[in-house]
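Below is the file entry.pdb, which contains PDB, C-alpha atoms.
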ATOM      1  CA  GLN A   1     166.848  56.266 114.443
ATOM      2  CA  GLY A   2     164.340  56.708 111.588
ATOM      3  CA  SER A   3     163.053  59.984 110.327
ATOM      4  CA  ALA A   4     159.453  60.932 110.942
ATOM      5  CA  VAL A   5     157.140  61.459 108.013
ATOM      6  CA  VAL A   6     155.581  64.893 108.197
ATOM      7  CA  SER A   7     152.237  65.230 106.499
ATOM      8  CA  MET A   8     151.088  68.473 104.966
ATOM      9  CA  PRO A   9     148.108  70.179 106.572
ATOM     10  CA  ARG A  10     144.817  69.321 104.919
ATOM     11  CA  ILE A  11     143.612  72.044 102.637
ATOM     12  CA  GLY A  12     139.984  72.953 103.246
ATOM     13  CA  MET A  13     137.512  72.563 100.397
ATOM     14  CA  ARG A  14     136.569  76.253 100.652
ATOM     15  CA  ASP A  15     140.217  77.083 100.115
ATOM     16  CA  VAL A  16     140.365  74.783  97.101
ATOM     17  CA  VAL A  17     137.438  76.550  95.410
ATOM     18  CA  ARG A  18     139.205  79.885  95.943
ATOM     19  CA  GLU A  19     142.378  78.510  94.390
ATOM     20  CA  TYR A  20     143.261  79.873  90.920
ATOM     21  CA  ASN A  21     144.759  76.533  89.839
ATOM     22  CA  PHE A  22     141.500  74.741  90.646
ATOM     23  CA  TRP A  23     139.612  76.895  88.148
ATOM     24  CA  VAL A  24     142.326  76.671  85.478
ATOM     25  CA  ILE A  25     142.151  72.876  85.692
ATOM     26  CA  VAL A  26     138.340  72.932  85.686
ATOM     27  CA  LEU A  27     138.172  75.164  82.591
ATOM     28  CA  THR A  28     140.899  73.306  80.723
ATOM     29  CA  PHE A  29     139.326  69.907  81.198
ATOM     30  CA  SER A  30     135.790  71.249  80.715
ATOM     31  CA  PHE A  31     136.751  72.517  77.261
ATOM     32  CA  LEU A  32     138.542  69.261  76.443
ATOM     33  CA  PHE A  33     135.593  67.111  77.529
ATOM     34  CA  CYS A  34     133.122  69.411  75.746
ATOM     35  CA  SER A  35     134.946  69.107  72.431
ATOM     36  CA  MET A  36     135.781  65.423  72.880
ATOM     37  CA  SER A  37     132.262  64.291  73.688
ATOM     38  CA  ALA A  38     130.763  66.232  70.790
ATOM     39  CA  THR A  39     133.361  64.869  68.380
ATOM     40  CA  LEU A  40     132.899  61.288  69.529
ATOM     41  CA  THR A  41     129.100  61.516  69.496
ATOM     42  CA  HIS A  42     128.931  63.134  66.068
ATOM     43  CA  MET A  43     131.851  61.351  64.373
ATOM     44  CA  ILE A  44     129.728  58.706  62.670
ATOM     45  CA  PRO A  45     126.988  61.142  61.570
ATOM     46  CA  ARG A  46     129.677  63.526  60.254
ATOM     47  CA  LEU A  47     131.238  60.795  58.151
ATOM     48  CA  VAL A  48     127.851  59.675  56.835
ATOM     49  CA  HIS A  49     127.036  63.308  56.032
ATOM     50  CA  LEU A  50     130.306  63.458  54.070
ATOM     51  CA  GLY A  51     129.085  60.516  51.973
ATOM     52  CA  HIS A  52     130.811  57.588  53.635
ATOM     53  CA  SER A  53     129.002  54.371  54.491
ATOM     54  CA  LEU A  54     127.785  53.653  57.985
ATOM     55  CA  VAL A  55     130.090  50.612  58.116
ATOM     56  CA  ASP A  56     133.132  52.702  57.172
ATOM     57  CA  ALA A  57     132.142  55.395  59.674
ATOM     58  CA  ALA A  58     131.812  52.807  62.439
ATOM     59  CA  GLY A  59     135.259  51.481  61.520
ATOM     60  CA  VAL A  60     136.763  54.951  61.936
ATOM     61  CA  MET A  61     135.054  55.312  65.298
ATOM     62  CA  SER A  62     136.456  51.926  66.346
ATOM     63  CA  LEU A  63     139.936  53.034  65.267
ATOM     64  CA  CYS A  64     139.559  56.184  67.357
ATOM     65  CA  ALA A  65     138.353  54.227  70.398
ATOM     66  CA  GLY A  66     141.057  51.580  70.037
ATOM     67  CA  LEU A  67     143.815  54.165  69.957
ATOM     68  CA  GLY A  68     142.168  55.790  72.966
ATOM     69  CA  VAL A  69     143.104  52.686  74.954
ATOM     70  CA  PHE A  70     146.742  53.126  73.952
ATOM     71  CA  GLY A  71     146.474  56.826  74.828
ATOM     72  CA  LYS A  72     145.307  56.000  78.354
ATOM     73  CA  LEU A  73     148.136  53.558  78.932
ATOM     74  CA  GLY A  74     150.789  55.541  77.113
ATOM     75  CA  PHE A  75     150.083  58.926  78.627
ATOM     76  CA  GLY A  76     149.757  57.427  82.087
ATOM     77  CA  TRP A  77     153.266  56.010  81.617
ATOM     78  CA  ILE A  78     154.603  59.255  80.108
ATOM     79  CA  ALA A  79     153.140  61.350  82.961
ATOM     80  CA  ASP A  80     155.274  59.372  85.396
ATOM     81  CA  ARG A  81     158.371  60.477  83.512
ATOM     82  CA  LEU A  82     157.719  64.027  82.287
ATOM     83  CA  PRO A  83     156.243  67.154  83.860
ATOM     84  CA  VAL A  84     152.461  66.761  83.880
ATOM     85  CA  ARG A  85     151.806  70.201  82.382
ATOM     86  CA  ARG A  86     153.890  69.247  79.362
ATOM     87  CA  VAL A  87     151.969  65.995  78.954
ATOM     88  CA  VAL A  88     148.614  67.815  79.143
ATOM     89  CA  VAL A  89     149.837  70.085  76.363
ATOM     90  CA  MET A  90     150.847  67.003  74.327
ATOM     91  CA  VAL A  91     147.373  65.474  74.778
ATOM     92  CA  THR A  92     145.722  68.743  73.763
ATOM     93  CA  ILE A  93     147.947  69.098  70.686
ATOM     94  CA  LEU A  94     147.097  65.549  69.606
ATOM     95  CA  GLN A  95     143.391  66.269  69.931
ATOM     96  CA  LEU A  96     143.728  69.583  68.082
ATOM     97  CA  THR A  97     145.773  67.991  65.295
ATOM     98  CA  GLY A  98     143.242  65.190  64.903
ATOM     99  CA  GLN A  99     140.382  67.686  64.881
ATOM    100  CA  ILE A 100     142.086  69.792  62.210
ATOM    101  CA  LEU A 101     142.629  66.761  59.974
ATOM    102  CA  MET A 102     139.020  65.627  60.418
ATOM    103  CA  PHE A 103     137.713  69.153  59.891
ATOM    104  CA  THR A 104     139.732  70.097  56.820
ATOM    105  CA  SER A 105     139.405  66.951  54.726
ATOM    106  CA  ASP A 106     136.518  64.981  53.269
ATOM    107  CA  HIS A 107     138.980  62.295  52.159
ATOM    108  CA  PHE A 108     138.405  59.091  54.076
ATOM    109  CA  ALA A 109     142.078  58.295  54.719
ATOM    110  CA  VAL A 110     142.859  61.773  56.048
ATOM    111  CA  PHE A 111     139.748  61.787  58.235
ATOM    112  CA  SER A 112     140.722  58.333  59.540
ATOM    113  CA  ALA A 113     144.259  59.500  60.336
ATOM    114  CA  GLY A 114     142.780  62.488  62.146
ATOM    115  CA  ALA A 115     140.443  60.212  64.124
ATOM    116  CA  ALA A 116     143.397  57.997  65.086
ATOM    117  CA  ILE A 117     145.471  60.948  66.301
ATOM    118  CA  PHE A 118     142.443  62.387  68.072
ATOM    119  CA  GLY A 119     141.822  59.009  69.744
ATOM    120  CA  LEU A 120     145.325  58.954  71.215
ATOM    121  CA  GLY A 121     144.720  62.390  72.689
ATOM    122  CA  VAL A 122     141.272  61.428  73.966
ATOM    123  CA  GLY A 123     142.741  58.468  75.800
ATOM    124  CA  GLY A 124     145.232  60.687  77.573
ATOM    125  CA  VAL A 125     142.717  63.125  79.030
ATOM    126  CA  VAL A 126     141.432  61.085  81.984
ATOM    127  CA  PRO A 127     144.831  59.997  83.328
ATOM    128  CA  MET A 128     146.136  63.538  82.811
ATOM    129  CA  GLN A 129     143.308  65.073  84.814
ATOM    130  CA  GLY A 130     144.110  62.791  87.721
ATOM    131  CA  ALA A 131     147.841  63.393  87.352
ATOM    132  CA  ILE A 132     147.518  67.166  87.282
ATOM    133  CA  VAL A 133     145.157  67.206  90.268
ATOM    134  CA  GLY A 134     147.620  65.049  92.197
ATOM    135  CA  ALA A 135     150.589  67.187  91.190
ATOM    136  CA  THR A 136     148.779  70.420  92.032
ATOM    137  CA  PHE A 137     146.979  69.532  95.261
ATOM    138  CA  GLY A 138     148.750  66.396  96.487
ATOM    139  CA  ARG A 139     147.219  63.058  97.280
ATOM    140  CA  GLU A 140     145.854  63.953 100.702
ATOM    141  CA  ARG A 141     142.605  65.387  99.275
ATOM    142  CA  PHE A 142     142.857  63.937  95.761
ATOM    143  CA  GLY A 143     139.470  62.199  95.711
ATOM    144  CA  ALA A 144     137.594  65.092  97.274
ATOM    145  CA  ILE A 145     139.130  67.658  94.924
ATOM    146  CA  LEU A 146     138.568  65.533  91.832
ATOM    147  CA  GLY A 147     134.997  64.991  92.997
ATOM    148  CA  LEU A 148     134.529  68.728  93.506
ATOM    149  CA  MET A 149     135.731  69.373  89.970
ATOM    150  CA  ARG A 150     133.007  67.247  88.372
ATOM    151  CA  PRO A 151     130.042  69.509  89.161
ATOM    152  CA  ALA A 152     132.164  72.574  88.367
ATOM    153  CA  MET A 153     132.981  71.100  84.940
ATOM    154  CA  PHE A 154     129.489  69.854  84.205
ATOM    155  CA  PRO A 155     127.860  72.962  82.623
ATOM    156  CA  ILE A 156     130.597  73.436  80.017
ATOM    157  CA  GLN A 157     131.302  69.749  79.542
ATOM    158  CA  ILE A 158     127.747  68.786  78.575
ATOM    159  CA  ILE A 159     127.009  71.606  76.163
ATOM    160  CA  GLY A 160     129.147  70.326  73.270
ATOM    161  CA  VAL A 161     126.992  67.387  72.181
ATOM    162  CA  PRO A 162     123.637  69.207  71.943
ATOM    163  CA  PHE A 163     125.369  72.301  70.532
ATOM    164  CA  ALA A 164     126.859  70.325  67.631
ATOM    165  CA  GLY A 165     123.500  68.653  66.985
ATOM    166  CA  TRP A 166     121.686  71.985  67.028
ATOM    167  CA  VAL A 167     124.238  73.514  64.636
ATOM    168  CA  TYR A 168     123.770  70.612  62.247
ATOM    169  CA  ASP A 169     119.977  70.925  62.425
ATOM    170  CA  VAL A 170     120.110  74.666  61.693
ATOM    171  CA  TYR A 171     122.946  74.803  59.123
ATOM    172  CA  GLN A 172     122.910  71.253  57.715
ATOM    173  CA  SER A 173     126.628  71.200  58.487
ATOM    174  CA  TYR A 174     128.832  70.459  61.467
ATOM    175  CA  GLU A 175     131.365  73.032  60.299
ATOM    176  CA  PRO A 176     130.357  75.973  62.539
ATOM    177  CA  ALA A 177     130.242  73.769  65.640
ATOM    178  CA  PHE A 178     133.665  72.294  65.013
ATOM    179  CA  GLN A 179     135.120  75.743  64.335
ATOM    180  CA  VAL A 180     134.024  76.604  67.876
ATOM    181  CA  PHE A 181     135.632  73.410  69.204
ATOM    182  CA  LEU A 182     138.905  74.211  67.408
ATOM    183  CA  ALA A 183     138.847  77.626  69.107
ATOM    184  CA  LEU A 184     138.301  75.937  72.495
ATOM    185  CA  TYR A 185     141.448  73.850  71.995
ATOM    186  CA  ILE A 186     143.474  76.957  71.278
TER     187      ILE A 186
END

Any chance you could give the structure as structure tokens?
Amino acid sequence: QGSAVVSMPRIGMRDVVREYNFWVIVLTFSFLFCSMSATLTHMIPRLVHLGHSLVDAAGVMSLCAGLGVFGKLGFGWIADRLPVRRVVVMVTILQLTGQILMFTSDHFAVFSAGAAIFGLGVGGVVPMQGAIVGATFGRERFGAILGLMRPAMFPIQIIGVPFAGWVYDVYQSYEPAFQVFLALYI
């Protein structure tokens, strides 16, 4: 005789919102998306501001985006083999390392290396969010919980792009904005 599959009771959405882990995941990924979107949006203007050509800046952005594809595939594969929390930390460290290299150097090669490392980390964020939601809450309510996270993340997530633009307009430099983003990673 076969064994019966026992399903876990469905967790109510009100219970999810009261869950500490829900808010840790929301804040973690809100900060990541906030910093990522601002960096990606302002990468080309930052490079042009540093004196590089628009063509070279676009090439760096393409490098970042291309490695993002490998990050999505690679970190999806890695998350199936390692604890998801560890992989989220790896993705965050890659983004932080890339940000530090882009922030601390005006040299084109160093900035490009930073953008490449950052791109790998950027690619890993979306599969890691899904993986950590699945590992934390199970697959029974995966779609509903991930959907509930989006509006909770929205206020923090969207502020990075206009914040960086405002900082540049006021200070004629992206430096203060990206110091804030470095702090968010930490």

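Taking atom CA of Tyr174 of chain A and atom CA of Thr92 of chain A as the two end points, the separation is 21.0 Å.
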
ask   = So which residues touch Thr97 of chain A within 8 Å, counting only C-alpha atoms, skipping near sequence neighbours fewer than 5 positions away, as JSON, numbers by chain?
value = {"A": [114, 117, 118]}

ask   = Looking at all atoms listed in the file, which of A:Phe154, A:Ala131, A:Thr39, A:Leu146 is the one that sits closest to Arg81 of chain A?
value = A:Ala131

message = Residue by residue, what does the PyMOL selection byres ((chain A and resi 158) around 10) grab here? Present the result as a list of chain:residue names.
response = A:Ser30, A:Phe31, A:Phe33, A:Cys34, A:Ser35, A:Ser37, A:Ala38, A:Met153, A:Phe154, A:Pro155, A:Ile156, A:Gln157, A:Ile159, A:Gly160, A:Val161, A:Pro162, A:Phe163

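Among the candidate residues A:Ala109, A:Phe137, A:Arg18, A:His42, the one lying nearest to Trp166 of chain A is A:His42, with distances computed using all atoms listed in the file.
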
query = Within 12 Å of Leu148 of chain A, counting only C-alpha atoms, which residues qualify if same-chain residues fewer than 2 places away don't, as an MDAnalysis selection string?
reply = chainID A and resid 12:14 16:17 22:23 25:26 133 141:146 150:154

query = In Å to one decimal, how far is atom CA of Phe108 of chain A from atom CA of Tyr168 of chain A?
reply = 20.3 Å

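The smallest atom-to-atom distance between Thr41 of chain A and any of A:Ala164, A:Leu101, A:Ala79, A:Val180, using all atoms listed in the file, is found for A:Ala164.
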